file entry.cif (mmCIF, C-alpha atoms)
data_input
#
loop_
_atom_site.label_atom_id
_atom_site.label_comp_id
_atom_site.auth_asym_id
_atom_site.auth_seq_id
_atom_site.Cartn_x
_atom_site.Cartn_y
_atom_site.Cartn_z
CA MET A 3 0.38 14.20 15.22
CA SER A 4 -3.10 15.63 15.83
CA PRO A 5 -6.17 14.68 13.75
CA SER A 6 -5.89 14.62 9.98
CA LEU A 7 -5.22 17.62 7.77
CA ARG A 8 -6.68 17.55 4.24
CA ALA A 9 -6.30 19.48 0.98
CA ALA A 10 -7.00 19.08 -2.73
CA PHE A 11 -4.88 20.08 -5.75
CA GLY A 12 -5.40 20.20 -9.49
CA PRO A 13 -8.00 21.80 -11.80
CA GLY A 14 -10.89 20.29 -9.86
CA ALA A 15 -9.74 21.78 -6.58
CA THR A 16 -11.19 25.20 -7.54
CA LEU A 17 -14.68 23.82 -8.14
CA PRO A 18 -17.41 23.53 -5.47
CA ALA A 19 -16.86 20.53 -3.23
CA VAL A 20 -18.59 17.38 -4.48
CA GLU A 21 -18.48 13.79 -3.37
CA PRO A 22 -15.92 11.85 -5.47
CA PRO A 23 -17.63 9.25 -7.66
CA ALA A 24 -17.32 5.61 -6.73
CA GLY A 25 -15.06 3.42 -8.82
CA ALA A 26 -11.39 2.83 -9.55
CA THR A 27 -9.29 5.40 -7.69
CA PRO A 28 -5.49 5.33 -7.97
CA ARG A 29 -4.10 5.83 -4.49
CA THR A 30 -0.96 5.51 -2.45
CA ALA A 31 0.36 6.20 1.05
CA LEU A 32 3.81 7.11 2.35
CA PRO A 33 5.44 8.18 5.59
CA VAL A 34 6.60 11.67 6.43
CA ARG A 35 9.57 11.60 8.81
CA LEU A 36 11.37 14.68 10.15
CA GLY A 37 9.20 16.70 7.81
CA VAL A 38 10.32 14.85 4.67
CA PRO A 39 7.93 12.64 2.64
CA ARG A 40 9.75 9.39 1.81
CA HIS A 41 9.99 8.47 -1.89
CA LEU A 42 7.35 11.04 -2.87
CA PRO A 43 8.32 11.06 -6.61
CA ALA A 44 7.95 7.27 -6.75
CA HIS A 45 4.52 7.46 -5.15
CA LEU A 46 3.43 10.15 -7.61
CA ASP A 47 4.68 7.92 -10.42
CA ARG A 48 2.54 5.15 -8.92
CA LEU A 49 -0.53 7.36 -9.24
CA GLN A 50 0.40 8.24 -12.82
CA ALA A 51 0.80 4.56 -13.67
CA GLY A 52 -2.63 3.81 -12.23
CA ALA A 53 -4.21 6.54 -14.35
CA ALA A 54 -2.37 5.30 -17.45
CA ALA A 55 -3.61 1.76 -16.82
CA LEU A 56 -7.15 3.16 -16.94
CA GLY A 57 -6.40 5.04 -20.14
CA ARG A 58 -6.89 8.39 -18.41
CA PRO A 59 -4.29 11.09 -19.18
CA THR A 60 -3.26 13.29 -16.25
CA ALA A 61 -1.18 16.07 -17.75
CA TRP A 62 -2.35 18.26 -14.87
CA LEU A 63 -0.81 16.06 -12.17
CA ASP A 64 2.71 17.52 -12.38
CA GLU A 65 1.42 20.97 -11.46
CA ALA A 66 -0.80 19.48 -8.74
CA ALA A 67 2.26 17.68 -7.34
CA GLU A 68 4.13 20.99 -7.12
CA GLU A 69 1.21 22.49 -5.20
CA LEU A 70 1.25 19.45 -2.90
CA THR A 71 4.95 19.97 -2.21
CA TYR A 72 4.38 23.62 -1.23
CA TRP A 73 1.46 22.58 1.00
CA LEU A 74 3.63 20.04 2.79
CA LYS A 75 6.24 22.72 3.44
CA ARG A 76 3.56 25.00 4.90
CA HIS A 77 2.31 22.21 7.15
CA PRO A 78 5.47 20.39 8.23
CA ALA A 79 4.87 17.17 10.15
CA GLN A 80 7.67 15.52 12.07
CA GLU A 81 6.01 12.13 11.66
CA ALA A 82 2.83 11.43 9.72
CA ALA A 83 1.15 9.30 7.09
CA LEU A 84 0.51 11.06 3.78
CA ARG A 85 -2.39 9.46 1.88
CA LEU A 86 -2.94 10.46 -1.73
CA GLU A 87 -5.89 9.69 -4.00
CA LEU A 88 -6.30 10.60 -7.64
CA HIS A 89 -9.92 11.45 -8.55
CA LEU A 90 -9.77 11.36 -12.31
CA ASP A 91 -13.31 12.49 -13.13
CA LEU A 92 -12.89 15.54 -10.89
CA ARG A 93 -9.27 16.12 -11.99
CA LEU A 94 -7.97 16.51 -8.49
CA LEU A 95 -5.34 15.07 -6.19
CA ASP A 96 -6.69 14.54 -2.68
CA ALA A 97 -4.09 14.63 0.13
CA ARG A 98 -4.46 13.78 3.83
CA LEU A 99 -1.91 13.97 6.61
CA GLU A 100 -2.81 11.54 9.39
CA PRO A 101 -1.11 9.93 12.39
CA LEU A 102 1.48 7.40 11.26
CA PRO A 103 0.25 3.86 12.00
CA VAL A 104 2.40 1.31 13.80
CA ALA A 105 2.09 -2.45 13.29
CA SER A 106 0.79 -4.22 16.37
CA SER A 107 2.70 -7.02 18.05
CA PRO A 108 1.81 -9.80 17.75
CA TYR A 109 0.58 -9.31 14.20
CA ARG A 110 -1.72 -12.22 13.48
CA LEU A 111 -2.77 -13.17 9.95
CA ALA A 112 -5.97 -15.07 9.20
CA PRO A 113 -5.63 -17.17 6.01
CA MET A 114 -8.60 -16.90 3.66
CA PRO A 115 -9.32 -17.09 -0.07
CA HIS A 116 -8.73 -13.89 -1.97
CA PRO A 117 -12.12 -12.10 -2.21
CA MET A 118 -11.55 -11.52 -5.92
CA GLY A 119 -10.63 -15.11 -6.71
CA ASN A 120 -7.64 -15.06 -9.06
CA LEU A 121 -6.26 -11.66 -10.11
CA ARG A 122 -2.94 -12.94 -11.43
CA ALA A 123 -3.80 -12.18 -15.05
CA ASP A 124 -5.55 -8.87 -14.34
CA PRO A 125 -3.47 -5.94 -15.69
CA LEU A 126 -5.10 -3.55 -13.18
CA ALA A 127 -4.27 -5.62 -10.07
CA PRO A 128 -0.73 -4.23 -9.54
CA HIS A 129 -2.14 -0.70 -9.33
CA LYS A 130 -3.30 0.25 -5.84
CA GLY A 131 -6.98 1.16 -5.78
CA LEU A 132 -7.96 -0.37 -9.13
CA SER A 133 -9.07 -3.91 -8.25
CA GLY A 134 -12.20 -3.07 -6.31
CA PRO A 135 -13.22 -2.18 -2.71
CA TRP A 136 -12.62 -5.65 -1.28
CA ARG A 137 -9.92 -4.91 1.30
CA HIS A 138 -12.26 -3.72 4.03
CA GLN A 139 -14.27 -6.91 3.62
CA ALA A 140 -11.12 -9.02 4.08
CA LEU A 141 -10.00 -7.01 7.12
CA SER A 142 -13.43 -7.27 8.73
CA GLU A 143 -13.35 -11.05 8.38
CA ALA A 144 -9.82 -11.19 9.84
CA TRP A 145 -10.91 -9.10 12.84
CA ARG A 146 -13.90 -11.36 13.33
CA ARG A 147 -11.45 -14.26 13.60
CA GLY A 148 -9.33 -12.42 16.17
CA ALA A 149 -6.48 -11.53 13.80
CA GLU A 150 -5.05 -8.15 12.80
CA ASP A 151 -4.98 -8.78 9.06
CA ALA A 152 -6.00 -11.23 6.33
CA LEU A 153 -3.49 -13.55 4.64
CA LEU A 154 -5.01 -13.80 1.17
CA LEU A 155 -4.60 -17.00 -0.84
CA TRP A 156 -4.93 -17.69 -4.54
CA PRO A 157 -7.23 -20.55 -5.58
CA ASP A 158 -4.22 -22.94 -5.68
CA GLY A 159 -3.51 -22.25 -1.98
CA THR A 160 -0.41 -20.10 -2.49
CA LEU A 161 0.12 -16.72 -0.80
CA ALA A 162 -0.98 -13.54 -2.59
CA GLU A 163 -0.64 -10.64 -0.11
CA SER A 164 -2.31 -9.35 3.02
CA ALA A 165 -5.18 -6.87 2.99
CA ILE A 166 -2.73 -4.01 3.65
CA ALA A 167 0.76 -5.29 2.87
CA THR A 168 3.11 -7.37 0.79
CA VAL A 169 3.92 -10.66 2.52
CA ALA A 170 7.17 -12.63 2.46
CA LEU A 171 8.48 -15.86 3.96
CA GLU A 172 11.91 -15.94 5.60
CA ARG A 173 13.39 -19.42 5.35
CA ASP A 174 16.93 -20.86 5.23
CA GLY A 175 18.55 -17.46 4.71
CA ARG A 176 16.14 -16.46 1.93
CA LEU A 177 13.33 -13.95 1.94
CA ILE A 178 10.80 -15.30 -0.54
CA LEU A 179 8.06 -13.11 -2.01
CA PRO A 180 5.08 -14.34 -4.02
CA PRO A 181 5.30 -13.76 -7.79
CA ALA A 182 4.31 -10.23 -8.70
CA GLY A 183 1.28 -11.12 -10.80
CA GLY A 184 -2.03 -10.18 -9.19
CA ARG A 185 -0.72 -8.35 -6.14
CA VAL A 186 -0.26 -4.62 -5.61
CA ALA A 187 3.16 -3.46 -6.78
CA SER A 188 4.99 -2.21 -3.69
CA VAL A 189 7.13 0.94 -3.78
CA THR A 190 8.80 -0.25 -0.57
CA GLU A 191 9.59 -3.64 -2.06
CA ARG A 192 11.15 -2.01 -5.11
CA LEU A 193 13.17 0.71 -3.38
CA ASP A 194 13.90 -0.45 0.17
CA LEU A 195 13.66 -4.22 0.51
CA ALA A 196 17.02 -5.12 -1.01
CA ALA A 197 18.82 -2.99 1.60
CA TRP A 198 16.73 -4.38 4.46
CA ALA A 199 17.35 -7.95 3.34
CA GLY A 200 21.06 -7.30 2.88
CA GLU A 201 21.40 -5.91 6.41
CA ARG A 202 19.95 -9.17 7.72
CA GLY A 203 21.94 -11.43 5.43
CA TRP A 204 18.88 -12.59 3.48
CA ALA A 205 18.89 -13.39 -0.22
CA LEU A 206 15.79 -12.14 -2.04
CA ASP A 207 13.74 -14.51 -4.18
CA GLN A 208 10.31 -14.76 -5.80
CA ALA A 209 8.44 -18.06 -5.95
CA PRO A 210 4.96 -19.44 -5.23
CA ILE A 211 4.57 -19.97 -1.47
CA PRO A 212 2.13 -22.73 -0.42
CA LEU A 213 0.38 -21.98 2.85
CA GLU A 214 1.82 -25.11 4.45
CA ALA A 215 5.37 -23.87 3.73
CA CYS A 216 4.87 -21.11 6.31
CA GLU A 217 5.25 -23.67 9.10
CA GLY A 218 8.95 -23.99 8.28
CA GLY A 219 9.79 -20.29 8.25
CA ARG A 220 8.83 -16.86 9.49
CA LEU A 221 6.32 -14.54 7.89
CA TRP A 222 6.97 -10.86 7.35
CA CYS A 223 4.81 -8.00 6.12
CA LEU A 224 5.97 -4.80 4.49
CA ASN A 225 4.44 -1.57 3.30
CA ALA A 226 5.47 2.05 3.04
CA LEU A 227 3.84 3.27 6.25
CA ARG A 228 4.93 0.55 8.67
CA GLY A 229 8.16 -0.70 7.12
CA LEU A 230 9.01 -4.38 7.63
CA TRP A 231 7.45 -6.25 10.55
CA PRO A 232 7.02 -9.87 11.71
CA ALA A 233 3.70 -11.69 11.38
CA ALA A 234 2.34 -15.06 12.36
CA ILE A 235 -0.54 -17.40 11.66
CA PRO A 236 -2.21 -18.18 15.03
#
call {"tool": "encode", "arguments": {"input": "entry.cif", "output": "structure tokens"}}
result
Amino acid sequence: MSPSLRAAFGPGATLPAVEPPAGATPRTALPVRLGVPRHLPAHLDRLQAGAAALGRPTAWLDEAAEELTYWLKRHPAQEAALRLELHLDLRLLDARLEPLPVASSPYRLAPMPHPMGNLRADPLAPHKGLSGPWRHQALSEAWRRGAEDALLLWPDGTLAESAIATVALERDGRLILPPAGGRVASVTERLDLAAWAGERGWALDQAPIPLEACEGGRLWCLNALRGLWPAAIP
């Protein structure tokens, strides 16, 4: 599609435009294919869960979501990325339609310590947008090393996630994901991964994945916008 299209919904959308304050911002992103946003209710629930984790009620979001749905119908996109951010202080839902990204091939991952250390006990970590603006820092370091993305490691050397995706290790007919604690909860993992794994004859599992274990298997990344794609450590 052409350059991005943007709109705002909710009580704050009628106020004069102001710069959203810095801080925790529940957000999500999903693909629009053949004019239909995939799993939109689940992504709106994700935003609601993020607001609830911050102790911020959003009774106005249901009406804003209806307005968003009408807006999408007025601006149908055959294929696009829909990015949503919840600005709680302003009481608005920010929506952007952008070109749908495609994972590059090869997709190289640069292992590095997680910028936030250990988030596994942090109740905000599973909510996208609530654990701090560290992802750009991790991506910049990965690019500096000649990779496309960062493979983030917990202090014990096990895999956490990438800067933009859930990671998994395919090995001996199993697709192993890191334990859920500390990483962003994936809508795609919850709603789509079982079918993808079943089509490929993989059994799903969760277990700590030491970095050295990746040498005996194949790495995969997954997120809502790009689906499931192969990755490698150079």
call {"tool": "resolve_selection", "arguments": {"input": "entry.cif", "expression": "the PyMOL selection byres ((chain A and resi 234) around 12)", "output": "MDAnalysis selection string"}}
result
chainID A and resid 106:113 149:153 164 169:172 213 216:223 231:233 235:236
call {"tool": "closest_residue", "arguments": {"input": "entry.cif", "among": "A:Ala44, A:Leu92, A:Leu36, A:Pro59", "to": "Gly14 in chain A", "atoms": "all atoms listed in the file"}}
result
A:Leu92
call {"tool": "resolve_selection", "arguments": {"input": "entry.cif", "expression": "the PyMOL selection byres ((chain A and resi 191) around 10)", "output": "short mmCIF file (atom, residue, chain, number, x, y, z; two decimals) with C-alpha atoms, keeping the file's coordinate frame"}}
result
data_model
loop_
_atom_site.label_atom_id
_atom_site.label_comp_id
_atom_site.auth_asym_id
_atom_site.auth_seq_id
_atom_site.Cartn_x
_atom_site.Cartn_y
_atom_site.Cartn_z
CA THR A 168 3.11 -7.37 0.79
CA LEU A 179 8.06 -13.11 -2.01
CA ALA A 187 3.16 -3.46 -6.78
CA SER A 188 4.99 -2.21 -3.69
CA VAL A 189 7.13 0.94 -3.78
CA THR A 190 8.80 -0.25 -0.57
CA ARG A 192 11.15 -2.01 -5.11
CA LEU A 193 13.17 0.71 -3.38
CA ASP A 194 13.90 -0.45 0.17
CA LEU A 195 13.66 -4.22 0.51
CA ALA A 196 17.02 -5.12 -1.01
CA ALA A 197 18.82 -2.99 1.60
CA TRP A 198 16.73 -4.38 4.46
CA LEU A 224 5.97 -4.80 4.49
CA ASN A 225 4.44 -1.57 3.30
CA ALA A 226 5.47 2.05 3.04
CA GLY A 229 8.16 -0.70 7.12
CA LEU A 230 9.01 -4.38 7.63
#
call {"tool": "atom_distance", "arguments": {"input": "entry.cif", "atom1": "CA of Leu155 in chain A", "atom2": "CA of Arg48 in chain A"}}
result
24.6 Å
call {"tool": "residues_around", "arguments": {"input": "entry.cif", "residues": "Leu227 in chain A", "least_positions_apart": "6", "cutoff": "10 Å", "atoms": "only C-alpha atoms", "output": "list in words"}}
result
Ala31, Leu32, Pro33, Val34, Arg40, Ala82, Ala83, Leu84, Arg85, Leu102, Pro103, Val104, Ala105, Ala167 and Thr190 of chain A
call {"tool": "closest_residue", "arguments": {"input": "entry.cif", "among": "A:Leu177, A:Ala9, A:Leu161, A:Leu154", "to": "Tyr72 in chain A", "atoms": "only C-alpha atoms"}}
result
A:Ala9
call {"tool": "residues_near_point", "arguments": {"input": "entry.cif", "point": "(8.7, 15.7, 4.2)", "cutoff": "9 Å", "atoms": "only C-alpha atoms", "output": "ChimeraX atom specification"}}
result
/A:33-40,42,71,74-75,78-81
call {"tool": "closest_residue", "arguments": {"input": "entry.cif", "among": "A:Arg202, A:Met118, A:His77, A:Lys130", "to": "Asp47 in chain A", "atoms": "only C-alpha atoms"}}
result
A:Lys130
call {"tool": "residues_near_point", "arguments": {"input": "entry.cif", "point": "(-10.3, -11.6, -10.0)", "cutoff": "12 Å", "atoms": "only C-alpha atoms", "output": "JSON, numbers by chain"}}
result
{"A": [115, 116, 117, 118, 119, 120, 121, 122, 123, 124, 125, 126, 127, 132, 133, 134, 136, 156, 157, 183, 184, 185]}
call {"tool": "residues_around", "arguments": {"input": "entry.cif", "residues": "Ile211 in chain A", "least_positions_apart": "4", "cutoff": "7 Å", "atoms": "all atoms listed in the file", "output": "ChimeraX atom specification"}}
result
/A:160-161,180,215
call {"tool": "closest_residue", "arguments": {"input": "entry.cif", "among": "A:Glu65, A:Glu214, A:Glu100, A:Glu163", "to": "Leu7 in chain A", "atoms": "all atoms listed in the file"}}
result
A:Glu100
call {"tool": "atom_distance", "arguments": {"input": "entry.cif", "atom1": "CA of Arg8 in chain A", "atom2": "CA of Trp145 in chain A"}}
result
28.3 Å
call {"tool": "resolve_selection", "arguments": {"input": "entry.cif", "expression": "the PyMOL selection byres ((chain A and resi 86) around 8)", "output": "VMD selection string"}}
result
chain A and resid 29 to 31 84 to 85 87 to 88 95 to 98
call {"tool": "closest_residue", "arguments": {"input": "entry.cif", "among": "A:Ala55, A:Leu141, A:Ala162, A:Ala10", "to": "His89 in chain A", "atoms": "only C-alpha atoms"}}
result
A:Ala10
call {"tool": "atom_distance", "arguments": {"input": "entry.cif", "atom1": "CA of Thr60 in chain A", "atom2": "CA of Val186 in chain A"}}
result
21.0 Å
call {"tool": "closest_residue", "arguments": {"input": "entry.cif", "among": "A:Ala53, A:Ala26, A:Ala199, A:Ala61", "to": "Arg176 in chain A", "atoms": "only C-alpha atoms"}}
result
A:Ala199
call {"tool": "residues_around", "arguments": {"input": "entry.cif", "residues": "Gly175 in chain A", "least_positions_apart": "4", "cutoff": "9 Å", "atoms": "all atoms listed in the file", "output": "PyMOL selection string"}}
result
chain A and resi 202-205
call {"tool": "residues_around", "arguments": {"input": "entry.cif", "residues": "Ala66 in chain A", "least_positions_apart": "4", "cutoff": "7 Å", "atoms": "only C-alpha atoms", "output": "VMD selection string"}}
result
chain A and resid 11 to 12 62 70 95
call {"tool": "write_last_selection", "arguments": {"input": "entry.cif", "atoms": "C-alpha atoms", "output": "CSV table (one decimal), in the frame of the given file"}}
result
chain,number,residue,atom,x,y,z
A,11,PHE,CA,-4.9,20.1,-5.8
A,12,GLY,CA,-5.4,20.2,-9.5
A,62,TRP,CA,-2.4,18.3,-14.9
A,70,LEU,CA,1.2,19.4,-2.9
A,95,LEU,CA,-5.3,15.1,-6.2
call {"tool": "decode", "arguments": {"input": "entry.cif", "residues": "range 106-119 of chain A", "atoms": "N, CA and C atoms", "output": "CSV table (one decimal), in the first residue's frame"}}
result
chain,number,residue,atom,x,y,z
A,106,SER,N,13.1,-10.6,6.1
A,106,SER,CA,14.1,-10.7,5.1
A,106,SER,C,14.7,-12.2,5.2
A,107,SER,N,15.3,-12.6,4.1
A,107,SER,CA,16.0,-13.9,4.1
A,107,SER,C,17.4,-13.7,3.4
A,108,PRO,N,18.4,-14.1,4.2
A,108,PRO,CA,18.4,-14.7,5.5
A,108,PRO,C,18.0,-13.7,6.6
A,109,TYR,N,17.5,-14.3,7.7
A,109,TYR,CA,17.1,-13.5,8.9
A,109,TYR,C,18.1,-13.8,10.0
A,110,ARG,N,19.1,-13.0,10.1
A,110,ARG,CA,20.2,-13.2,11.1
A,110,ARG,C,19.9,-12.6,12.4
A,111,LEU,N,20.2,-13.4,13.5
A,111,LEU,CA,20.0,-13.0,14.9
A,111,LEU,C,21.3,-12.8,15.6
A,112,ALA,N,21.5,-11.6,16.2
A,112,ALA,CA,22.7,-11.4,17.0
A,112,ALA,C,22.4,-11.6,18.5
A,113,PRO,N,23.0,-12.7,19.1
A,113,PRO,CA,22.8,-12.9,20.5
A,113,PRO,C,23.3,-11.8,21.3
A,114,MET,N,22.6,-11.4,22.4
A,114,MET,CA,23.1,-10.3,23.3
A,114,MET,C,22.3,-10.4,24.5
A,115,PRO,N,22.8,-9.9,25.7
A,115,PRO,CA,22.0,-9.9,26.9
A,115,PRO,C,20.8,-9.0,26.8
A,116,HIS,N,19.7,-9.4,27.4
A,116,HIS,CA,18.5,-8.6,27.4
A,116,HIS,C,18.8,-7.2,28.0
A,117,PRO,N,18.5,-6.1,27.3
A,117,PRO,CA,18.8,-4.8,27.8
A,117,PRO,C,18.2,-4.5,29.2
A,118,MET,N,17.1,-5.2,29.6
A,118,MET,CA,16.5,-5.0,30.9
A,118,MET,C,16.9,-6.0,31.9
A,119,GLY,N,18.0,-6.8,31.6
A,119,GLY,CA,18.4,-7.8,32.6
A,119,GLY,C,17.5,-9.0,32.6
